[in-house]
file target_30.txt (compact mmCIF, C-alpha atoms)
# COMPACT_ATOMS: atom_id res chain seq x y z
CA LEU D 1 122.12 147.10 64.25
CA GLU D 2 122.60 150.84 64.46
CA SER D 3 120.03 153.59 64.39
CA ALA D 4 120.36 157.33 63.96
CA LYS D 5 117.38 157.84 66.25
CA THR D 6 117.08 157.05 69.92
CA ASP D 7 113.62 156.14 71.15
CA PHE D 8 113.76 156.70 74.89
CA GLN D 9 110.17 155.44 75.28
CA PHE D 10 111.46 151.87 75.24
CA GLU D 11 114.64 152.36 77.25
CA VAL D 12 114.41 150.02 80.24
CA GLN D 13 116.66 149.92 83.29
CA ARG D 14 116.48 146.72 85.35
CA ILE D 15 116.46 148.45 88.72
CA GLY D 16 114.31 145.71 90.24
CA ASP D 17 116.50 142.67 89.61
CA GLY D 18 116.38 140.44 92.69
CA LYS D 19 113.71 142.59 94.36
CA GLU D 20 109.99 142.27 95.04
CA CYS D 21 107.22 144.81 94.37
CA LEU D 22 103.73 144.89 95.88
CA VAL D 23 101.26 146.32 93.34
CA MET D 24 97.84 147.50 94.54
CA PRO D 25 95.40 148.94 91.97
CA PRO D 26 92.48 151.20 92.93
CA SER D 27 89.11 149.80 93.95
CA ASN D 28 87.31 151.35 90.97
CA PHE D 29 89.61 150.43 88.07
CA GLY D 30 91.56 147.20 88.29
CA MET D 31 93.27 147.53 84.90
CA LEU D 32 95.60 150.16 86.34
CA GLY D 33 97.10 147.25 88.24
CA LEU D 34 97.89 145.49 84.96
CA LYS D 35 99.81 148.50 83.72
CA ASP D 36 101.80 148.77 86.95
CA ALA D 37 102.44 145.01 87.09
CA PHE D 38 103.74 144.96 83.52
CA HIS D 39 105.95 147.98 84.16
CA MET D 40 107.43 146.50 87.33
CA LEU D 41 108.12 143.18 85.56
CA LEU D 42 109.98 145.06 82.84
CA LEU D 43 112.08 146.70 85.55
CA GLY D 44 113.02 143.26 86.88
CA PHE D 45 110.86 143.05 90.00
CA ARG D 46 109.04 139.93 91.11
CA VAL D 47 105.47 141.21 91.40
CA LEU D 48 102.90 140.43 94.07
CA LEU D 49 99.60 141.82 92.81
CA VAL D 50 97.00 142.26 95.58
CA VAL D 51 93.62 143.11 94.05
CA GLN D 52 90.03 143.64 95.08
CA PRO D 53 88.26 140.24 95.35
CA ARG D 54 85.91 141.20 92.52
CA PHE D 55 88.92 141.65 90.23
CA LEU D 56 90.57 138.35 91.20
CA PRO D 57 89.15 136.11 88.43
CA HIS D 58 90.25 138.60 85.77
CA PHE D 59 93.77 138.93 87.12
CA LEU D 60 94.15 135.17 87.52
CA GLU D 61 93.46 134.97 83.79
CA VAL D 62 96.09 137.67 83.25
CA GLN D 63 98.57 135.68 85.33
CA ARG D 64 97.92 132.56 83.25
CA GLY D 65 98.29 134.62 80.08
CA PHE D 66 101.69 135.89 81.18
CA GLU D 67 102.85 132.35 81.95
CA ASP D 68 101.51 131.05 78.64
CA ALA D 69 103.53 133.78 76.94
CA GLY D 70 106.70 132.54 78.64
CA LEU D 71 106.92 134.43 81.94
CA PRO D 72 108.54 132.05 84.46
CA SER D 73 106.14 130.82 87.13
CA GLY D 74 106.45 132.75 90.38
CA LEU D 75 107.44 136.10 88.91
CA LEU D 76 103.80 137.27 89.07
CA ASP D 77 101.50 136.16 91.87
CA VAL D 78 97.92 137.44 92.20
CA LEU D 79 96.16 137.44 95.57
CA PRO D 80 92.86 138.92 96.81
CA GLY D 81 92.93 141.68 99.41
CA ILE D 82 91.14 144.84 100.46
CA THR D 83 92.78 146.67 103.36
CA PRO D 84 95.42 145.85 105.95
CA GLU D 85 92.64 145.50 108.50
CA ALA D 86 90.54 143.14 106.36
CA ASP D 87 93.33 140.86 105.14
CA PRO D 88 96.27 141.24 107.55
CA GLU D 89 97.76 137.83 106.75
CA VAL D 90 98.17 138.74 103.08
CA LEU D 91 99.12 142.39 103.18
CA HIS D 92 101.11 142.45 106.39
CA ALA D 93 103.31 139.58 105.22
CA ALA D 94 103.91 141.38 101.93
CA LEU D 95 104.55 144.77 103.52
CA LYS D 96 107.10 143.19 105.82
CA SER D 97 109.25 141.86 103.00
CA VAL D 98 108.75 143.73 99.71
CA ASP D 99 111.23 146.29 98.42
CA ARG D 100 108.72 148.53 96.65
CA LEU D 101 105.03 149.49 96.94
CA GLN D 102 103.26 150.55 93.74
CA PHE D 103 99.92 151.93 94.93
CA THR D 104 96.94 153.76 93.44
CA GLY D 105 94.16 154.91 95.75
CA SER D 106 93.36 157.21 98.64
CA SER D 107 96.08 159.12 100.45
CA SER D 108 94.83 157.81 103.82
CA MET D 109 95.12 154.20 102.65
CA PHE D 110 98.59 154.87 101.25
CA LYS D 111 99.74 156.37 104.54
CA SER D 112 98.39 153.41 106.49
CA LEU D 113 100.27 150.95 104.26
CA VAL D 114 103.59 152.76 104.53
CA THR D 115 103.17 153.22 108.28
CA LYS D 116 102.38 149.52 108.71
CA ALA D 117 105.46 148.55 106.70
CA TYR D 118 107.65 150.68 108.98
CA GLU D 119 105.97 149.24 112.08
CA LEU D 120 106.78 145.75 110.77
CA GLY D 121 110.43 146.69 110.42
CA ASN D 122 110.59 147.26 106.67
CA LEU D 123 112.69 150.42 106.57
CA ARG D 124 113.95 149.89 103.01
CA LEU D 125 110.51 150.21 101.36
CA GLU D 126 110.36 152.39 98.26
CA PHE D 127 106.98 153.57 97.09
CA ALA D 128 105.40 155.14 94.04
CA GLY D 129 102.09 155.39 92.24
CA GLU D 130 99.10 157.71 92.32
CA VAL D 131 97.39 158.87 95.49
CA SER D 132 94.40 161.11 95.84
CA GLY D 133 95.31 164.74 95.79
CA LEU D 134 93.81 168.03 94.83
CA ASN D 135 92.28 168.34 91.36
CA LYS D 136 91.43 171.89 90.42
CA VAL D 137 90.49 174.34 87.69
CA ARG D 138 92.13 177.76 87.50
CA LEU D 139 90.66 180.70 85.60
CA ASP D 140 93.51 183.08 84.72
CA GLY D 141 92.34 186.28 83.04
CA VAL D 142 89.09 184.61 81.98
CA SER D 143 85.73 185.12 83.66
CA ALA D 144 83.59 182.20 84.74
CA SER D 145 80.83 183.83 82.70
CA HIS D 146 82.71 182.98 79.49
CA PRO D 147 80.84 180.00 77.95
CA ALA D 148 84.00 177.94 77.40
CA ALA D 149 85.29 178.50 80.94
CA ALA D 150 81.85 177.89 82.47
CA ALA D 151 81.44 174.65 80.52
CA GLY D 152 84.88 173.35 81.46
CA ALA D 153 84.80 174.37 85.10
CA ALA D 154 81.31 172.98 85.65
CA TRP D 155 82.12 169.78 83.75
CA ALA D 156 85.21 169.22 85.89
CA ALA D 157 82.98 168.95 88.94
CA MET D 158 79.97 167.30 87.28
CA ALA D 159 81.81 164.49 85.50
CA ASN D 160 82.59 162.53 88.63
CA ASN D 161 80.85 160.65 91.39
CA GLY D 162 83.19 161.68 94.19
CA GLU D 163 86.15 159.57 93.15
CA LEU D 164 89.72 160.64 93.54
CA CYS D 165 90.99 160.99 90.01
CA THR D 166 88.24 162.85 88.18
CA SER D 167 86.86 165.11 90.85
CA ALA D 168 87.64 168.81 90.75
CA SER D 169 87.21 170.16 94.23
CA LEU D 170 88.55 173.68 93.76
CA ILE D 171 87.86 176.45 91.24
CA GLU D 172 90.32 179.33 91.48
CA PHE D 173 88.76 182.37 89.79
CA ASP D 174 90.45 185.64 88.82
CA PRO D 175 89.04 188.67 90.74
CA ALA D 176 90.60 190.98 88.13
CA THR D 177 87.86 189.89 85.72
CA GLY D 178 85.20 191.13 88.14
CA ASP D 179 84.30 187.61 89.25
CA THR D 180 83.24 186.90 92.81
CA ALA D 181 82.51 183.58 94.48
CA ALA D 182 78.81 184.36 94.16
CA SER D 183 79.00 185.16 90.44
CA VAL D 184 81.06 182.01 89.78
CA LYS D 185 78.41 179.99 91.59
CA VAL D 186 75.66 181.46 89.40
CA ALA D 187 77.60 180.91 86.16
CA LEU D 188 78.55 177.30 86.85
CA GLU D 189 75.29 176.11 88.37
CA ALA D 190 73.35 177.60 85.46
CA HIS D 191 75.34 175.69 82.85
CA PRO D 192 73.10 173.06 81.19
CA PHE D 193 74.04 169.39 81.02
CA ILE D 194 72.39 166.46 79.29
CA LEU D 195 72.53 163.55 81.73
CA GLY D 196 71.53 159.95 81.27
CA ASN D 197 72.54 156.36 81.93
CA ASP D 198 72.58 154.84 78.42
CA PRO D 199 76.21 154.30 77.29
CA ALA D 200 75.03 154.07 73.67
CA ASP D 201 73.59 157.61 73.73
CA VAL D 202 76.34 159.77 72.22
CA GLY D 203 74.28 162.90 72.86
CA LEU D 204 74.91 162.76 76.59
CA ASP D 205 77.28 165.14 78.35
CA ILE D 206 77.37 163.05 81.51
CA LEU D 207 76.91 159.30 81.81
CA LEU D 208 75.34 159.13 85.25
CA LYS D 209 75.83 156.15 87.53
CA ALA D 210 72.86 154.78 89.43
CA GLY D 211 72.11 156.47 92.74
CA LYS D 212 74.23 159.55 92.06
CA THR D 213 73.06 163.14 92.20
CA LYS D 214 72.28 165.11 89.04
CA ASN D 215 72.94 168.52 90.56
CA LEU D 216 76.08 170.62 90.72
CA GLU D 217 76.75 172.58 93.93
CA VAL D 218 79.30 175.39 93.97
CA LYS D 219 80.38 176.26 97.51
CA THR D 220 81.40 179.85 98.21
CA GLU D 221 83.09 179.21 101.54
CA ILE D 222 84.79 176.32 103.28
CA PRO D 223 82.09 174.23 105.01
CA ALA D 224 82.11 173.56 108.74
CA ASP D 225 83.45 170.03 108.26
CA GLY D 226 86.41 171.36 106.28
CA PHE D 227 87.77 171.28 102.75
CA ARG D 228 87.71 167.92 101.00
CA GLU D 229 90.06 166.63 98.33
CA TRP D 230 87.05 165.19 96.54
CA TRP D 231 83.31 165.75 96.69
CA GLU D 232 80.50 164.32 94.62
CA LYS D 233 79.53 167.05 92.17
CA GLN D 234 80.51 169.77 94.61
CA VAL D 235 83.30 172.30 94.18
CA LEU D 236 84.64 175.25 96.18
CA ALA D 237 85.09 178.60 94.39
CA VAL D 238 87.86 180.85 95.75
CA PRO D 239 89.83 183.82 94.36
CA HIS D 240 93.30 182.90 93.16
CA GLY D 241 95.90 183.25 95.88
CA SER D 242 93.47 183.04 98.79
CA ALA D 243 92.81 180.22 101.24
CA PRO D 244 92.80 177.40 100.60
CA ASN D 245 95.81 178.17 98.41
CA LEU D 246 96.60 174.57 97.51
CA ARG D 247 98.78 173.07 94.81
CA THR D 248 97.76 170.02 92.85
CA ASN D 249 99.80 167.59 94.97
CA GLN D 250 100.74 165.60 91.84
CA SER D 251 97.15 164.53 91.43
CA LEU D 252 95.57 163.47 88.18
CA GLY D 253 94.18 166.70 86.85
CA HIS D 254 94.77 170.42 86.75
CA CYS D 255 93.02 172.59 84.16
CA ILE D 256 93.92 176.20 83.32
CA TYR D 257 91.80 178.57 81.24
CA ALA D 258 93.51 181.74 79.99
CA PRO D 259 93.04 184.27 77.15
CA SER D 260 95.77 182.50 75.14
CA ILE D 261 97.48 179.12 74.97
CA ARG D 262 100.80 180.84 75.70
CA ARG D 263 99.49 182.28 78.97
CA ALA D 264 97.82 179.01 79.97
CA LEU D 265 101.03 177.07 79.30
CA ALA D 266 103.11 179.60 81.25
CA ALA D 267 100.94 178.90 84.29
CA GLY D 268 100.65 175.18 83.62
CA VAL D 269 104.37 174.41 83.56
CA LYS D 270 104.63 175.72 87.11
CA GLU D 271 102.23 173.06 88.38
CA ASP D 272 102.90 169.41 89.22
CA ALA D 273 99.78 167.45 88.28
CA SER D 274 100.17 164.31 86.20
CA CYS D 275 97.66 165.65 83.64
CA ILE D 276 97.61 169.38 82.95
CA TYR D 277 95.10 170.79 80.46
CA CYS D 278 95.91 174.28 79.16
CA VAL D 279 93.12 176.03 77.26
CA GLY D 280 93.27 179.34 75.45
CA VAL D 281 89.81 180.85 74.95
CA SER D 282 88.81 183.42 72.37
CA GLU D 283 87.34 186.82 73.23
CA ASP D 284 84.59 185.84 70.84
CA THR D 285 82.28 183.89 73.14
CA SER D 286 80.66 182.15 70.16
CA ALA D 287 83.97 180.70 68.91
CA PRO D 288 84.58 176.95 69.45
CA SER D 289 86.85 175.92 72.30
CA ALA D 290 88.10 172.70 73.79
CA ARG D 291 85.98 171.62 76.72
CA ALA D 292 88.47 170.61 79.35
CA GLY D 293 88.42 169.79 83.01
CA THR D 294 90.22 167.61 85.51
CA ALA D 295 88.54 164.51 84.02
CA GLY D 296 90.08 165.08 80.58
CA CYS D 297 89.11 167.06 77.56
CA LYS D 298 87.37 166.82 74.23
CA LEU D 299 87.83 168.93 71.13
CA PRO D 300 84.96 170.54 69.21
CA GLU D 301 83.36 168.19 66.67
CA SER D 302 85.80 165.41 67.60
CA VAL D 303 85.45 162.08 69.36
CA PHE D 304 89.02 162.36 70.61
CA GLY D 305 89.66 163.70 74.08
CA GLY D 306 92.21 163.18 76.82
CA MET D 307 92.26 159.39 77.37
CA LYS D 308 88.61 159.08 76.30
CA THR D 309 86.92 156.94 73.66
CA HIS D 310 83.54 158.66 73.74
CA THR D 311 82.45 162.26 73.42
CA PHE D 312 80.93 162.38 76.87
CA ALA D 313 82.40 162.27 80.33
CA VAL D 314 82.10 159.01 82.21
CA ALA D 315 80.84 159.94 85.65
CA GLY D 316 82.59 157.95 88.29
CA ASP D 317 84.87 155.54 86.42
CA HIS D 318 88.14 155.70 84.59
CA ASP D 319 87.61 155.86 80.86
CA GLY D 320 88.02 152.80 78.68
call {"tool": "encode", "arguments": {"input": "target_30.txt", "output": "structure tokens"}}
result
Amino acid sequence: LESAKTDFQFEVQRIGDGKECLVMPPSNFGMLGLKDAFHMLLLGFRVLLVVQPRFLPHFLEVQRGFEDAGLPSGLLDVLPGITPEADPEVLHAALKSVDRLQFTGSSSMFKSLVTKAYELGNLRLEFAGEVSGLNKVRLDGVSASHPAAAAGAAWAAMANNGELCTSASLIEFDPATGDTAASVKVALEAHPFILGNDPADVGLDILLKAGKTKNLEVKTEIPADGFREWWEKQVLAVPHGSAPNLRTNQSLGHCIYAPSIRRALAAGVKEDASCIYCVGVSEDTSAPSARAGTAGCKLPESVFGGMKTHTFAVAGDHDG
């Protein structure tokens, strides 16, 4: 069969033939492990999937499903594990022998795994995945007092419970607009949110998890215990170009508000986050605008938003 079109989405290179890959999903969203496991199997790896104990029954069902569908037994093995310290027999044995580590989680955990593999003599280990990094919102030529920018910047910090992938920890404002750290704090903390814990309530802005704070705190200076990659509903406001002048470190989200889409895109393509949201806002403050942040985005009068199935942010979990 011949085709005039080439669909590179389904082009697969079997770079893993004869090799083994250790896949470790994050503690808060096990299904990311399924995506990574499937991808690594397509690449030819034999996959050892080490999951949180609470996810084990689900992934054992997945393993049986793969085998029922024809995957040869032994190409996918699922084992429970938490950290190298908690389950050394499982993880240390795997780290000593695997060819690749596919990991999603905290940067400190990732470093400990790679270091342990080297200590065990595995110098050929390749690694990939998603580690916690800096998620931030940048205001470029737009004041934090603009309703669209205030809503997006505040939402980026509010729509999380201190977890690595949805938490904006830095707001870079533009001093040329007259903004100061103090004025950004006032604008963001004054933005109203409708919070609740009923998933069926489509009127909510934030679906709040039990035991989590309802209040947004905008910091105007680096606290004594230092800058954090993620805080629970806390964010640091700094002028663009000043300390901490940090890039996104290939983290999940980076959101840029500018007076036009063209200007936002020009800034966005220079960044390296895995999800970059570029928003052009109108001078007319009453005009509709996408509400975007590091947790995703939603369009006005639309249930569709970046990787979301509801019109509200899910505070503290990946979106289903």
call {"tool": "atom_distance", "arguments": {"input": "target_30.txt", "atom1": "atom CA of Asp36 of chain D", "atom2": "atom CA of Val50 of chain D"}}
result
11.8 Å
call {"tool": "atom_distance", "arguments": {"input": "target_30.txt", "atom1": "atom CA of Asp179 of chain D", "atom2": "atom CA of Lys219 of chain D"}}
result
14.6 Å
call {"tool": "residues_around", "arguments": {"input": "target_30.txt", "residues": "Ala176 of chain D", "least_positions_apart": "6", "cutoff": "12 Å", "atoms": "only C-alpha atoms", "output": "ChimeraX atom specification"}}
result
/D:139-144,239-240
call {"tool": "residues_around", "arguments": {"input": "target_30.txt", "residues": "Lys136 of chain D", "least_positions_apart": "6", "cutoff": "6 Å", "atoms": "only C-alpha atoms", "output": "JSON, numbers by chain"}}
result
{"D": [168, 169, 170, 171, 254]}
call {"tool": "residues_near_point", "arguments": {"input": "target_30.txt", "point": "(104.6, 145.0, 100.8)", "cutoff": "10 Å", "atoms": "only C-alpha atoms", "output": "JSON, numbers by chain"}}
result
{"D": [20, 21, 22, 23, 24, 48, 49, 50, 90, 91, 92, 93, 94, 95, 96, 97, 98, 99, 100, 101, 102, 113, 114, 116, 117, 122, 125, 126, 127]}
call {"tool": "atom_distance", "arguments": {"input": "target_30.txt", "atom1": "atom CA of Ser282 of chain D", "atom2": "atom CA of Leu236 of chain D"}}
result
25.5 Å
call {"tool": "residues_around", "arguments": {"input": "target_30.txt", "residues": "Thr180 of chain D", "least_positions_apart": "4", "cutoff": "9 Å", "atoms": "all atoms listed in the file", "output": "JSON, numbers by chain"}}
result
{"D": [173, 174, 175, 184, 185, 237, 238, 239]}
call {"tool": "residues_around", "arguments": {"input": "target_30.txt", "residues": "Ala190 of chain D", "least_positions_apart": "5", "cutoff": "12 Å", "atoms": "all atoms listed in the file", "output": "number ranges by chain"}}
result
D: 144-145, 147, 150-151, 153-155, 183-185, 215-218
call {"tool": "residues_around", "arguments": {"input": "target_30.txt", "residues": "His146 of chain D", "least_positions_apart": "5", "cutoff": "9 Å", "atoms": "all atoms listed in the file", "output": "ChimeraX atom specification"}}
result
/D:151,187,281,283,285
call {"tool": "closest_residue", "arguments": {"input": "target_30.txt", "among": "D:Ala181, D:Ala224, D:Leu42, D:Val202", "to": "Leu71 of chain D", "atoms": "only C-alpha atoms"}}
result
D:Leu42
call {"tool": "residues_near_point", "arguments": {"input": "target_30.txt", "point": "(97.8, 178.3, 78.6)", "cutoff": "6 Å", "atoms": "only C-alpha atoms", "output": "list in words"}}
result
Ala258, Ser260, Ile261, Arg262, Arg263, Ala264, Leu265, Cys278, Val279 and Gly280 of chain D
call {"tool": "decode", "arguments": {"input": "target_30.txt", "residues": "segment 47-117 of chain D", "atoms": "C-alpha atoms", "output": "mmCIF file, in the first residue's frame"}}
result
data_model
loop_
_atom_site.group_PDB
_atom_site.id
_atom_site.type_symbol
_atom_site.label_atom_id
_atom_site.label_comp_id
_atom_site.auth_asym_id
_atom_site.auth_seq_id
_atom_site.Cartn_x
_atom_site.Cartn_y
_atom_site.Cartn_z
ATOM 1 C CA VAL D 47 9.006 -3.138 30.949
ATOM 2 C CA LEU D 48 9.276 -3.421 34.718
ATOM 3 C CA LEU D 49 6.530 -1.219 36.148
ATOM 4 C CA VAL D 50 7.089 -0.317 39.819
ATOM 5 C CA VAL D 51 3.993 1.404 41.207
ATOM 6 C CA GLN D 52 2.629 2.718 44.477
ATOM 7 C CA PRO D 53 1.072 -0.165 46.479
ATOM 8 C CA ARG D 54 -2.355 1.475 46.235
ATOM 9 C CA PHE D 55 -2.112 1.307 42.436
ATOM 10 C CA LEU D 56 -0.990 -2.332 42.332
ATOM 11 C CA PRO D 57 -4.414 -4.024 41.910
ATOM 12 C CA HIS D 58 -5.253 -1.728 38.994
ATOM 13 C CA PHE D 59 -1.973 -2.331 37.205
ATOM 14 C CA LEU D 60 -2.166 -6.080 37.740
ATOM 15 C CA GLU D 61 -5.462 -5.919 35.857
ATOM 16 C CA VAL D 62 -3.699 -3.903 33.147
ATOM 17 C CA GLN D 63 -0.969 -6.535 32.949
ATOM 18 C CA ARG D 64 -3.555 -9.293 32.546
ATOM 19 C CA GLY D 65 -5.321 -7.215 29.897
ATOM 20 C CA PHE D 66 -2.118 -6.856 27.893
ATOM 21 C CA GLU D 67 -1.501 -10.606 28.064
ATOM 22 C CA ASP D 68 -5.100 -11.376 27.095
ATOM 23 C CA ALA D 69 -4.596 -9.119 24.078
ATOM 24 C CA GLY D 70 -1.573 -11.171 23.016
ATOM 25 C CA LEU D 71 1.435 -9.564 24.717
ATOM 26 C CA PRO D 72 3.887 -12.390 25.504
ATOM 27 C CA SER D 73 4.166 -13.151 29.214
ATOM 28 C CA GLY D 74 7.196 -11.522 30.814
ATOM 29 C CA LEU D 75 7.352 -8.433 28.624
ATOM 30 C CA LEU D 76 5.436 -6.435 31.255
ATOM 31 C CA ASP D 77 5.905 -7.107 34.963
ATOM 32 C CA VAL D 78 4.167 -5.031 37.651
ATOM 33 C CA LEU D 79 5.620 -4.783 41.159
ATOM 34 C CA PRO D 80 4.793 -2.621 44.202
ATOM 35 C CA GLY D 81 7.339 -0.104 45.430
ATOM 36 C CA ILE D 82 7.629 3.336 46.977
ATOM 37 C CA THR D 83 11.205 4.566 47.375
ATOM 38 C CA PRO D 84 14.659 2.997 47.219
ATOM 39 C CA GLU D 85 14.781 3.192 51.004
ATOM 40 C CA ALA D 86 11.390 1.519 51.520
ATOM 41 C CA ASP D 87 11.761 -1.289 48.988
ATOM 42 C CA PRO D 88 15.495 -1.753 48.316
ATOM 43 C CA GLU D 89 15.154 -5.374 47.188
ATOM 44 C CA VAL D 90 12.810 -4.401 44.360
ATOM 45 C CA LEU D 91 14.189 -1.092 43.177
ATOM 46 C CA HIS D 92 17.875 -1.684 43.777
ATOM 47 C CA ALA D 93 17.803 -4.927 41.803
ATOM 48 C CA ALA D 94 16.035 -3.157 38.953
ATOM 49 C CA LEU D 95 18.300 -0.105 39.000
ATOM 50 C CA LYS D 96 21.329 -2.365 38.840
ATOM 51 C CA SER D 97 20.268 -4.023 35.600
ATOM 52 C CA VAL D 98 17.835 -1.918 33.558
ATOM 53 C CA ASP D 99 18.901 0.034 30.486
ATOM 54 C CA ARG D 100 16.437 2.903 30.874
ATOM 55 C CA LEU D 101 14.545 4.700 33.660
ATOM 56 C CA GLN D 102 11.218 6.325 32.733
ATOM 57 C CA PHE D 103 10.307 8.393 35.785
ATOM 58 C CA THR D 104 7.674 10.964 36.764
ATOM 59 C CA GLY D 105 7.919 12.622 40.166
ATOM 60 C CA SER D 106 10.051 14.896 42.298
ATOM 61 C CA SER D 107 13.494 15.999 41.175
ATOM 62 C CA SER D 108 15.003 14.852 44.492
ATOM 63 C CA MET D 109 13.600 11.340 44.049
ATOM 64 C CA PHE D 110 14.831 11.232 40.462
ATOM 65 C CA LYS D 111 18.333 12.241 41.519
ATOM 66 C CA SER D 112 18.392 9.596 44.242
ATOM 67 C CA LEU D 113 17.398 6.875 41.756
ATOM 68 C CA VAL D 114 20.023 7.816 39.187
ATOM 69 C CA THR D 115 22.689 8.166 41.873
ATOM 70 C CA LYS D 116 21.804 4.746 43.294
ATOM 71 C CA ALA D 117 22.012 3.173 39.838
#
